[in-house]
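Colleague: Contents are compact mmCIF, C-alpha atoms and all ligand atoms; file name upload.txt:
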```
# COMPACT_ATOMS: atom_id res chain seq x y z
CA MET A 25 0.00 0.00 0.00
CA ALA A 26 1.29 3.47 -0.80
CA SER A 27 2.26 5.71 2.11
CA THR A 28 -0.29 8.24 3.31
CA ARG A 29 2.02 10.49 5.29
CA GLN A 30 4.52 12.96 3.94
CA ILE A 31 7.70 14.40 5.40
CA HIS A 32 10.11 16.95 3.97
CA VAL A 33 13.85 16.41 3.80
CA GLY A 34 14.86 20.01 3.25
CA PRO A 35 12.59 21.09 0.39
CA VAL A 36 12.17 17.52 -0.93
CA PRO A 37 8.80 15.94 -0.12
CA VAL A 38 8.96 12.23 0.67
CA GLY A 39 5.85 10.05 0.80
CA GLY A 40 2.16 10.78 0.59
CA GLY A 41 2.11 10.77 -3.21
CA ALA A 42 5.30 12.80 -3.81
CA PRO A 43 7.58 11.67 -6.65
CA VAL A 44 9.90 8.87 -5.53
CA ALA A 45 13.05 10.66 -4.33
CA VAL A 46 16.46 9.44 -5.46
CA GLN A 47 19.16 9.37 -2.86
CA THR A 48 22.68 8.10 -2.49
CA MET A 49 25.47 8.20 0.06
CA THR A 50 28.91 9.73 -0.24
CA LYS A 51 31.81 7.32 -0.08
CA THR A 52 34.45 9.83 0.96
CA GLU A 53 35.76 10.50 4.42
CA THR A 54 33.12 13.05 5.41
CA ALA A 55 35.61 15.37 7.11
CA ASN A 56 37.55 15.62 3.84
CA LEU A 57 35.53 18.60 2.73
CA THR A 58 36.97 18.93 -0.76
CA ALA A 59 36.40 15.28 -1.64
CA THR A 60 32.98 15.14 0.00
CA MET A 61 31.72 18.31 -1.64
CA ASP A 62 33.05 17.15 -5.02
CA GLN A 63 31.13 13.92 -4.69
CA ILE A 64 27.97 15.68 -3.53
CA ARG A 65 28.08 18.00 -6.54
CA THR A 66 28.66 15.02 -8.83
CA VAL A 67 25.70 13.05 -7.47
CA ALA A 68 23.48 16.13 -7.55
CA GLU A 69 24.45 16.63 -11.19
CA ALA A 70 23.58 12.97 -11.87
CA GLY A 71 20.11 13.55 -10.40
CA ALA A 72 20.27 12.78 -6.69
CA ASP A 73 17.48 14.56 -4.81
CA ILE A 74 19.01 13.86 -1.41
CA VAL A 75 22.47 12.80 -0.23
CA ARG A 76 23.51 11.00 2.95
CA VAL A 77 26.88 11.32 4.62
CA ALA A 78 28.36 9.10 7.32
CA VAL A 79 28.96 10.89 10.61
CA PRO A 80 31.00 8.53 12.77
CA ARG A 81 33.36 11.08 14.42
CA GLU A 82 33.49 14.56 15.91
CA GLN A 83 35.44 15.92 12.93
CA ASP A 84 32.68 14.67 10.60
CA VAL A 85 29.96 16.47 12.52
CA GLU A 86 32.15 19.57 12.46
CA ALA A 87 32.49 19.26 8.65
CA LEU A 88 28.74 18.75 8.40
CA LYS A 89 28.13 22.44 9.10
CA THR A 90 29.96 23.41 5.91
CA ILE A 91 28.54 20.51 3.92
CA VAL A 92 24.95 21.46 4.77
CA ARG A 93 25.65 25.08 3.89
CA GLU A 94 27.29 24.34 0.54
CA SER A 95 25.40 21.28 -0.65
CA PRO A 96 23.02 21.88 -3.57
CA ILE A 97 20.76 19.08 -2.23
CA PRO A 98 19.50 18.21 1.26
CA VAL A 99 21.90 16.27 3.47
CA ILE A 100 21.07 13.36 5.76
CA ALA A 101 23.45 12.58 8.61
CA ASP A 102 23.99 8.85 9.02
CA ILE A 103 24.54 8.05 12.69
CA HIS A 104 25.21 4.79 14.45
CA PHE A 105 25.63 4.07 18.18
CA ASN A 106 26.31 7.63 19.29
CA HIS A 107 23.29 9.75 20.18
CA THR A 108 25.49 12.76 20.94
CA LEU A 109 26.55 12.86 17.31
CA ALA A 110 22.87 12.75 16.30
CA LEU A 111 22.19 15.79 18.49
CA LYS A 112 25.19 17.63 17.11
CA ALA A 113 24.29 16.72 13.54
CA MET A 114 20.91 18.36 13.99
CA ASP A 115 22.56 21.44 15.48
CA ALA A 116 24.87 21.45 12.45
CA GLY A 117 21.79 21.82 10.27
CA ALA A 118 21.39 18.29 8.87
CA HIS A 119 18.16 18.12 6.90
CA CYS A 120 17.45 14.66 8.29
CA VAL A 121 19.10 12.17 10.63
CA ARG A 122 19.22 8.47 9.97
CA LEU A 123 19.55 6.20 12.96
CA ASN A 124 18.63 2.78 14.22
CA PRO A 125 16.77 3.36 17.51
CA GLY A 126 17.93 -0.11 18.57
CA ASN A 127 21.61 0.70 18.63
CA ILE A 128 21.71 4.25 19.97
CA GLY A 129 21.98 3.36 23.67
CA GLY A 130 18.45 2.92 25.02
CA THR A 131 15.07 4.61 25.07
CA ASP A 132 16.24 7.64 27.07
CA LYS A 133 18.81 8.50 24.44
CA VAL A 134 16.30 7.99 21.64
CA ALA A 135 13.96 10.33 23.53
CA GLU A 136 16.70 12.95 23.74
CA VAL A 137 17.29 12.77 19.99
CA VAL A 138 13.56 12.94 19.30
CA ALA A 139 13.19 15.98 21.57
CA LYS A 140 15.90 17.78 19.57
CA ALA A 141 14.31 16.71 16.27
CA LYS A 142 10.99 18.15 17.42
CA GLU A 143 12.61 21.35 18.59
CA LEU A 144 14.40 21.90 15.27
CA GLY A 145 11.77 20.34 13.00
CA THR A 146 14.30 17.81 11.71
CA PRO A 147 12.85 14.64 10.21
CA MET A 148 14.38 11.27 10.92
CA ARG A 149 14.83 8.04 9.09
CA ILE A 150 14.47 5.17 11.48
CA GLY A 151 15.30 1.74 10.34
CA VAL A 152 16.55 -1.71 10.87
CA ASN A 153 18.91 -3.90 8.94
CA SER A 154 18.69 -7.66 8.84
CA GLY A 155 22.15 -7.72 10.41
CA SER A 156 21.30 -5.52 13.39
CA LEU A 157 17.96 -6.68 14.78
CA PRO A 158 17.21 -6.22 18.49
CA LYS A 159 18.27 -9.18 20.66
CA HIS A 160 14.73 -10.34 21.48
CA LEU A 161 14.03 -10.87 17.76
CA ARG A 162 17.12 -12.91 16.93
CA ASP A 163 15.33 -16.28 17.31
CA LEU A 164 12.45 -15.07 15.18
CA GLU A 165 15.02 -13.94 12.61
CA PHE A 166 16.04 -17.57 12.10
CA THR A 167 12.51 -18.92 11.72
CA ASN A 168 10.83 -15.94 10.03
CA PRO A 169 13.26 -13.18 8.98
CA VAL A 170 10.54 -11.14 7.31
CA GLU A 171 8.35 -11.05 10.40
CA ALA A 172 11.44 -10.25 12.51
CA LEU A 173 12.25 -7.19 10.35
CA VAL A 174 8.67 -5.98 10.28
CA THR A 175 8.25 -6.50 14.03
CA ALA A 176 11.43 -4.51 14.72
CA ALA A 177 10.31 -1.69 12.44
CA GLY A 178 6.83 -1.74 14.01
CA GLU A 179 8.32 -1.49 17.50
CA PHE A 180 10.40 1.51 16.48
CA VAL A 181 7.35 3.18 14.98
CA GLU A 182 5.44 2.61 18.23
CA LEU A 183 8.34 4.07 20.20
CA MET A 184 8.31 7.21 18.03
CA GLU A 185 4.55 7.56 18.44
CA ARG A 186 4.84 7.13 22.21
CA LEU A 187 7.31 10.02 22.08
CA ASP A 188 4.70 11.94 20.11
CA PHE A 189 6.94 12.13 17.04
CA THR A 190 5.67 11.42 13.54
CA ASN A 191 8.15 13.31 11.37
CA PHE A 192 9.95 10.20 10.12
CA LYS A 193 10.30 7.64 7.39
CA VAL A 194 11.07 3.99 7.87
CA SER A 195 13.50 1.59 6.26
CA MET A 196 14.04 -2.14 6.52
CA LYS A 197 17.12 -3.37 4.77
CA SER A 198 17.99 -6.91 3.93
CA THR A 199 20.59 -8.43 1.65
CA SER A 200 17.86 -10.81 0.47
CA VAL A 201 15.71 -9.55 -2.38
CA PRO A 202 12.67 -11.75 -1.52
CA ASN A 203 12.86 -10.64 2.12
CA THR A 204 13.13 -6.99 1.10
CA ILE A 205 10.03 -7.34 -1.04
CA ALA A 206 8.02 -9.35 1.49
CA SER A 207 8.91 -7.20 4.50
CA ASN A 208 8.14 -3.91 2.79
CA ARG A 209 4.86 -5.25 1.46
CA LEU A 210 3.90 -6.33 4.95
CA LEU A 211 5.00 -3.13 6.66
CA SER A 212 3.24 -0.96 4.07
CA GLU A 213 0.00 -2.69 5.06
CA ARG A 214 0.57 -1.81 8.69
CA ILE A 215 1.82 1.80 8.64
CA GLY A 216 1.26 4.90 6.54
CA TYR A 217 4.71 6.45 7.07
CA PRO A 218 6.95 6.97 4.04
CA LEU A 219 9.24 4.07 3.22
CA HIS A 220 12.88 4.25 2.21
CA LEU A 221 13.74 1.29 -0.02
CA GLY A 222 17.04 -0.39 -0.64
CA VAL A 223 18.66 -3.77 -0.92
CA THR A 224 21.56 -3.53 1.45
CA GLU A 225 25.06 -4.54 0.31
CA ALA A 226 23.57 -5.32 -3.08
CA GLY A 227 26.96 -5.95 -4.68
CA THR A 228 28.87 -4.81 -7.71
CA LYS A 229 27.53 -2.47 -10.32
CA TRP A 230 26.29 -5.35 -12.44
CA SER A 231 24.78 -7.71 -9.86
CA GLY A 232 23.79 -4.96 -7.45
CA SER A 233 21.91 -3.06 -10.13
CA LEU A 234 20.00 -6.17 -11.12
CA LYS A 235 19.16 -7.12 -7.54
CA SER A 236 18.00 -3.59 -6.84
CA ALA A 237 15.98 -3.40 -10.03
CA VAL A 238 14.18 -6.64 -9.18
CA GLY A 239 13.64 -5.87 -5.49
CA LEU A 240 12.87 -2.18 -5.63
CA GLY A 241 11.19 -2.37 -9.02
CA THR A 242 8.73 -4.97 -7.76
CA LEU A 243 7.78 -2.81 -4.79
CA LEU A 244 7.66 0.45 -6.73
CA ALA A 245 5.46 -1.13 -9.37
CA ASP A 246 3.00 -1.88 -6.55
CA GLY A 247 3.14 1.75 -5.42
CA ILE A 248 5.29 0.92 -2.38
CA GLY A 249 8.32 3.08 -1.61
CA ASP A 250 8.91 6.81 -1.42
CA THR A 251 12.67 7.19 -1.67
CA ILE A 252 15.27 4.78 -2.98
CA ARG A 253 18.98 4.21 -2.61
CA ILE A 254 20.86 1.75 -4.76
CA SER A 255 23.80 0.32 -2.81
CA LEU A 256 26.67 -0.53 -5.12
CA SER A 257 30.23 -1.51 -4.34
CA THR A 258 31.80 1.37 -6.18
CA PHE A 259 33.38 4.60 -5.03
CA HIS A 260 31.43 6.41 -7.73
CA ALA A 261 28.18 7.21 -5.96
CA GLU A 262 26.80 8.80 -9.12
CA GLU A 263 26.53 5.27 -10.56
CA GLU A 264 23.98 4.50 -7.84
CA VAL A 265 22.02 7.56 -8.86
CA LYS A 266 22.03 6.59 -12.54
CA VAL A 267 20.74 3.10 -11.73
CA ALA A 268 18.02 4.55 -9.49
CA TRP A 269 16.89 6.79 -12.33
CA GLU A 270 16.85 3.95 -14.81
CA ILE A 271 14.55 2.00 -12.48
CA LEU A 272 12.21 4.96 -12.04
CA LYS A 273 12.25 5.73 -15.78
CA ALA A 274 11.59 2.10 -16.69
CA LEU A 275 8.52 2.12 -14.45
CA LYS A 276 7.48 5.51 -15.85
CA LEU A 277 7.43 6.87 -12.32
CA ARG A 278 9.67 9.81 -13.14
CA GLU A 279 11.23 11.30 -16.24
CA ARG A 280 14.78 12.52 -16.54
CA GLY A 281 16.64 12.97 -19.75
CA PRO A 282 16.33 10.97 -22.96
CA VAL A 283 15.32 7.33 -23.17
CA LEU A 284 17.49 5.18 -25.43
CA ILE A 285 16.00 2.10 -27.00
CA ALA A 286 18.16 -0.32 -28.96
CA CYS A 287 17.40 -3.61 -30.63
CA PRO A 288 19.23 -6.61 -29.16
CA THR A 289 20.94 -7.21 -32.54
CA CYS A 290 21.08 -10.56 -34.25
CA GLY A 291 22.72 -12.20 -37.24
CA ARG A 292 21.21 -9.58 -39.57
CA LEU A 293 23.28 -6.77 -38.06
CA GLN A 294 25.35 -5.04 -40.69
CA PHE A 295 27.26 -2.33 -38.87
CA ASP A 296 29.13 -1.75 -35.63
CA MET A 297 26.07 -1.04 -33.57
CA ASP A 298 27.73 -1.68 -30.20
CA SER A 299 29.98 1.36 -30.45
CA VAL A 300 27.20 3.42 -32.06
CA VAL A 301 24.84 2.76 -29.14
CA VAL A 302 27.56 3.65 -26.62
CA GLU A 303 28.32 6.90 -28.45
CA ILE A 304 24.64 7.83 -28.70
CA GLU A 305 24.09 7.11 -25.02
CA GLU A 306 27.07 9.26 -24.13
CA ARG A 307 26.01 12.17 -26.33
CA LEU A 308 22.42 12.02 -25.10
CA ARG A 309 23.63 12.87 -21.60
CA ALA A 310 23.88 16.47 -22.76
CA TYR A 311 20.08 16.63 -23.24
CA GLU A 312 17.55 17.11 -20.46
CA ASP A 313 14.31 16.45 -22.32
CA PRO A 314 12.82 12.94 -22.06
CA ILE A 315 12.98 12.34 -25.83
CA GLU A 316 13.02 8.74 -26.98
CA VAL A 317 15.80 7.69 -29.35
CA SER A 318 15.82 4.30 -31.01
CA VAL A 319 18.64 2.36 -32.67
CA LEU A 320 17.84 -0.50 -35.02
CA GLY A 321 20.54 -2.83 -36.28
CA CYS A 322 19.02 -3.37 -39.70
CA ALA A 323 16.17 -2.27 -41.90
CA VAL A 324 14.49 -5.62 -42.64
CA ASN A 325 11.70 -4.80 -40.18
CA GLY A 326 11.25 -1.30 -41.50
CA ILE A 327 10.82 1.13 -38.63
CA GLY A 328 8.61 -1.45 -36.89
CA GLU A 329 8.51 -1.24 -33.15
CA ALA A 330 10.50 1.98 -33.10
CA ARG A 331 7.56 3.79 -34.69
CA HIS A 332 6.81 5.75 -31.51
CA ALA A 333 10.42 6.98 -31.02
CA ASP A 334 11.02 10.71 -31.35
CA PHE A 335 14.15 9.99 -33.36
CA GLY A 336 15.90 6.86 -34.49
CA ILE A 337 18.41 5.34 -36.81
CA THR A 338 18.45 2.12 -38.68
CA GLY A 339 21.76 1.05 -40.09
CA ALA A 340 23.10 -1.13 -42.85
CA LYS A 341 26.47 -1.83 -44.39
CA ASP A 342 27.14 1.38 -46.30
CA ALA A 343 24.13 3.57 -45.61
CA GLY A 344 21.46 3.96 -43.00
CA MET A 345 18.44 6.10 -42.32
CA ILE A 346 17.29 8.60 -39.74
CA PHE A 347 13.64 8.60 -38.88
CA SER A 348 11.24 10.44 -36.61
CA LYS A 349 7.91 9.20 -35.26
CA GLY A 350 7.82 6.39 -37.78
CA GLU A 351 8.60 8.56 -40.82
CA PRO A 352 11.90 8.45 -42.78
CA LEU A 353 13.83 11.72 -42.59
CA LYS A 354 17.12 11.21 -44.32
CA LYS A 355 19.43 8.57 -45.82
CA VAL A 356 23.05 8.95 -44.68
CA PRO A 357 26.33 7.04 -44.97
CA THR A 358 26.69 4.61 -42.05
CA ASP A 359 29.74 6.39 -40.66
CA ARG A 360 27.73 9.66 -40.47
CA LEU A 361 24.67 8.16 -38.77
CA VAL A 362 25.40 9.38 -35.27
CA ASP A 363 26.43 12.91 -36.23
CA GLU A 364 23.44 13.30 -38.53
CA LEU A 365 21.10 11.93 -35.87
CA PHE A 366 22.27 14.61 -33.45
CA ALA A 367 22.09 17.26 -36.15
CA GLU A 368 18.40 16.34 -36.60
CA ILE A 369 17.78 16.39 -32.85
CA ASP A 370 19.43 19.81 -32.54
CA ARG A 371 17.43 21.08 -35.51
CA PHE A 372 14.27 19.86 -33.76
CA TYR A 373 15.06 21.92 -30.66
CA ALA A 374 16.17 24.95 -32.66
CA ALA A 375 12.79 24.90 -34.44
CA GLY A 376 10.91 24.91 -31.12
CA LYS A 377 10.49 21.14 -30.83
CA ARG A 378 9.29 20.73 -34.39
CA VAL A 379 10.68 18.11 -36.73
CA VAL A 380 12.21 19.87 -39.73
CA ARG A 381 11.59 17.72 -42.79
CA ASP A 382 13.27 18.05 -46.18
CA GLU A 383 10.79 16.35 -48.49
CA GLY A 384 13.47 15.39 -51.05
CA ALA A 385 15.71 13.80 -48.41
CA ALA A 386 12.71 12.10 -46.82
CA ALA A 387 11.65 10.60 -50.14
CA GLU A 388 15.17 9.28 -50.76
CA ALA A 389 15.20 7.74 -47.29
CA ALA A 390 11.80 6.15 -47.89
CA ARG A 391 13.09 4.60 -51.13
CA TRP A 392 16.14 3.27 -49.31
CA LEU A 393 13.92 1.80 -46.62
CA ALA A 394 11.65 0.14 -49.16
CA ALA A 395 14.67 -1.42 -50.87
CA ASN A 396 16.08 -2.77 -47.61
CA GLU A 397 12.89 -3.83 -45.90
CA ASP A 398 12.27 -7.54 -46.21
CA ASP A 399 9.03 -8.84 -44.79
CA SER A 400 9.96 -12.44 -45.58
CA GLN A 401 12.56 -12.37 -42.77
CA MET A 402 11.41 -13.90 -39.49
CA THR A 403 13.15 -11.40 -37.21
CA PRO A 404 12.94 -11.37 -33.40
CA GLU A 405 10.51 -8.46 -33.67
CA ARG A 406 8.23 -10.30 -36.09
CA LEU A 407 8.33 -13.44 -33.96
CA ALA A 408 7.29 -11.41 -30.94
CA ALA A 409 4.50 -9.76 -32.95
CA LEU A 410 3.29 -13.15 -34.20
CA GLU A 411 3.36 -14.57 -30.72
CA GLU A 412 1.41 -11.61 -29.38
CA ALA A 413 -1.16 -11.88 -32.15
CA ALA A 414 -1.50 -15.59 -31.50
CA ASN A 415 -2.01 -15.00 -27.80
CA GLU A 416 -4.64 -12.38 -28.51
CA GLN A 417 -6.41 -14.78 -30.84
CA ALA A 418 -6.43 -17.36 -28.05
CA GLY A 419 -8.15 -14.81 -25.85
CA GLY A 420 -5.27 -14.24 -23.40
CA GLY A 421 -5.00 -16.13 -20.11
CA ASP A 422 -3.37 -19.54 -19.73
CA ASP A 423 -4.79 -20.94 -22.95
CA ALA A 424 -2.96 -18.19 -24.77
CA LEU A 425 0.30 -19.84 -23.83
CA ALA A 426 -0.23 -22.27 -26.68
CA PRO A 427 0.25 -20.00 -29.69
CA LEU A 428 -1.89 -20.48 -32.74
CA LEU A 429 1.00 -20.24 -35.18
CA ASP A 430 1.14 -22.56 -38.10
CA GLU A 431 4.45 -24.14 -37.21
CA SER A 432 4.78 -25.88 -40.51
CA VAL A 433 5.32 -22.52 -42.22
CA SER A 434 7.43 -21.03 -39.48
CA PRO A 435 11.14 -21.10 -40.15
CA VAL A 436 11.73 -21.43 -36.41
CA ALA A 437 9.47 -24.43 -35.82
CA GLY A 438 10.80 -26.43 -32.92
CA ARG A 439 12.59 -23.46 -31.40
CA ARG A 440 10.12 -21.30 -29.54
CA PHE A 441 6.76 -22.86 -30.31
CA SER A 442 7.36 -26.47 -29.44
CA ARG A 443 4.72 -27.05 -26.78
CA THR A 444 1.87 -28.13 -29.02
S1 LIG B 501 16.42 -8.05 -37.13
FE1 LIG B 501 15.87 -6.84 -35.34
S2 LIG B 501 17.30 -7.53 -33.75
FE2 LIG B 501 18.17 -8.18 -35.72
S3 LIG B 501 19.53 -6.50 -36.27
FE3 LIG B 501 17.58 -6.14 -37.32
S4 LIG B 501 16.50 -4.76 -35.89
FE4 LIG B 501 18.17 -5.69 -34.72
```
Written as structure tokens, how would this file's structure read?
Ligand code: SF4
Modeller:
Amino acid sequence: MASTRQIHVGPVPVGGGAPVAVQTMTKTETANLTATMDQIRTVAEAGADIVRVAVPREQDVEALKTIVRESPIPVIADIHFNHTLALKAMDAGAHCVRLNPGNIGGTDKVAEVVAKAKELGTPMRIGVNSGSLPKHLRDLEFTNPVEALVTAAGEFVELMERLDFTNFKVSMKSTSVPNTIASNRLLSERIGYPLHLGVTEAGTKWSGSLKSAVGLGTLLADGIGDTIRISLSTFHAEEEVKVAWEILKALKLRERGPVLIACPTCGRLQFDMDSVVVEIEERLRAYEDPIEVSVLGCAVNGIGEARHADFGITGAKDAGMIFSKGEPLKKVPTDRLVDELFAEIDRFYAAGKRVVRDEGAAAEAARWLAANEDDSQMTPERLAALEEAANEQAGGGDDALAPLLDESVSPVAGRRFSRT
């Protein structure tokens, strides 16, 4: 269930229907002001709405004063074990304090921190990690780790409410993706406070991104989760931010910058599409608009599934074509495809977001497309379209799993449609 309550971390609303906020954590020694501020500016540039910094020592809380003052985005102080640092972090102007009420030294100390938070209007993130559950839940953790996490979080919420404090969000972190999903689903049924989502210690950029996309994506698709942090084993915190944005963009929860679509390529590929896609992705970073750009490895499908793209290219051995919204724009030599694509995109913006069409060039491109299109080819796209049509014909549902293709005429008989 989606959260019903909203808090504000600095000016950023979290929960209660606000856009899902992207956050990350600096990986520098916090007291190293130059390095920390550099990383904060980098993650802000990459799209972080909020940044968290570790505050384990007095010199870090001292540095926090400058960090809060100079940071372009709100700063959360991450505190463990030491309630005095939490108090000082709030005095230093932290926009939010993250702590685990179970490891801060007892209820009295939690109450002291809460009193300061109320006095200064500072929100808190309270949370538990699967590795740091309260002692009385350790047995339950072995038999039912999800219930153990949710019980711990529920107890912390009750403690905050007993202290008459509601200006907080809640997090439950687990290294297990299924447990992250199950515990957040369960907790979201029980409380209306905003939820911070993350898969803790997710791993390297590759595996951690996938784990996070599965875990957080599943929850976000259900409307659960108000702010996300992708935990990756890399010094470059901006990578976490980029992954977070890709998840939100994939779910159409937020828009930021262009969307690049590329075919998976197959044996029909006739040009070096790998490097072309990388170059396009790199050059698209300079654009802020959420335009959709598509790259097709060959023209046998025509423009096909890329019909909706704002701009796209389809390549071939010596020449390729640039298209827009399903219409050919221009035929160009393959080695000029990327430059000409960006020339068209820039022309579009210069004309006030209007596609500028040269009818002669468009006609030449259309002729090229007609000559290269080959509807006898059973491409991955056509197979998918056939499968979809067959499923629709079967009326959807389980019966639709047996496609109504005539396998005897399919050149891939025995490959994908072998169940009948
Ligand atoms: S057939 Fe489809 S997947 Fe293969 S290269 Fe052409 S567009 Fe890409």
Colleague: Which residues are near ligand LIG 501 (chain B) - at most 7 Å, using all atoms listed in the file? Format: as a PyMOL selection string.
Modeller: chain A and resi 287-293+320-325+403-405
Colleague: May I have the centre and edge lengths, in Å to one decimal, of an axis-aligned box around the listed atoms of stretch 73-81 of chain A with 6 Å added to every side, as AutoDock Vina command-line options?
Modeller:
```
--center_x 25.4 --center_y 11.5 --center_z 4.8 --size_x 27.9 --size_y 18.0 --size_z 31.2
```
Colleague: Please list, as a ChimeraX atom specification, the residues that have an atom at most 10 Å away from (28.5, 2.1, -3.8) in the coordinates of this file, counting all atoms listed in the file.
Modeller: /A:48-51,225-229,232,253-265
Colleague: Can you measure atom CA of A:Arg122 to atom CA of A:Gly41 for me? One decimal in Å is fine.
Modeller: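 Computing it gives 21.7 Å between the two atoms.
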Colleague: Taking all atoms listed in the file into account, produce a table as CSV in which each residue of stretch 136-164 of chain A with an atom at most 7 Å from an atom of stretch 190-206 of chain A appears once, together with its shortest atom pair and the distance in Å to one decimal, ordered by chain and rising number.
Modeller:
```
residue,atom,partner,partner_atom,distance
A:Pro147,CA,A:Asn191,CA,5.0
A:Met148,CA,A:Phe192,CA,4.6
A:Arg149,CA,A:Lys193,CA,4.9
A:Ile150,CA,A:Val194,CA,5.1
A:Gly151,CA,A:Ser195,CA,4.5
A:Val152,CA,A:Met196,CA,5.0
A:Asn153,CA,A:Lys197,CA,4.6
A:Ser154,CA,A:Ser198,CA,5.0
```
Colleague: Extract, using all atoms listed in the file, all DNA, RNA and protein residues at most 10 Å from A:Gly178, discarding same-chain residues fewer than 5 positions from it, and format them as a list in words.
Modeller: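 Answer for this query is Gly151, Ala172, Leu173, Leu183, Met184, Val194, Leu211, Arg214 and Ile215 of chain A.
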Colleague: Quick check, in Å to one decimal: how far apart do atom CA of A:Ala333 and atom CA of A:Glu316 lie?
Modeller: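 If I compute the distance from atom CA of A:Ala333 to atom CA of A:Glu316, I get 5.1 Å.
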Colleague: May I have the residues within 7 Å of A:Ala343 as a JSON list (two decimals) with C-alpha atoms, in the coordinates of the input, using only C-alpha atoms and disregarding those fewer than 6 positions away in the same chain?
Modeller:
```json
[["chain", "number", "residue", "atom", "x", "y", "z"],
["A", 355, "LYS", "CA", 19.43, 8.57, -45.82],
["A", 356, "VAL", "CA", 23.05, 8.95, -44.68],
["A", 357, "PRO", "CA", 26.33, 7.04, -44.97],
["A", 358, "THR", "CA", 26.69, 4.61, -42.05]]
```
Colleague: Give me the residues within 10 Å of A:Ala330 as a VMD selection string, counting only C-alpha atoms and dropping any in the same chain fewer than 5 places off.
Modeller: chain A and resid 285 to 287 316 to 320 325 335 to 338 347 to 350
Colleague: In Å, with one decimal, what is the gap from atom CA of A:Leu164 to atom CA of A:Lys235?
Modeller: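 For atom CA of A:Leu164 relative to atom CA of A:Lys235, the distance reads 25.0 Å.
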Colleague: Quick one: everything within 7 Å of A:Ala26, counting all atoms listed in the file, minus sequence neighbours fewer than 5 positions away in the same chain. Send it as an MDAnalysis selection string.
Modeller: chainID A and resid 212 247:248
Colleague: Counting only C-alpha atoms, which of A:Glu94, A:Asp363, A:Glu53, A:Glu412 gets nearest to A:Glu303?
Modeller: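 Going through A:Glu94, A:Asp363, A:Glu53, A:Glu412 one by one, the smallest distance to A:Glu303 is for A:Asp363.
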Colleague: What lies within 10 Å of A:Asp359 using only C-alpha atoms, ignoring chain neighbours under 5 positions off, as a list of chain:residue names?
Modeller: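 Skipping anything fewer than 5 positions along the chain leaves A:Phe295, A:Asp296, A:Val300, A:Gly339, A:Lys341, A:Asp342, A:Ala343, A:Gly344, A:Glu364.
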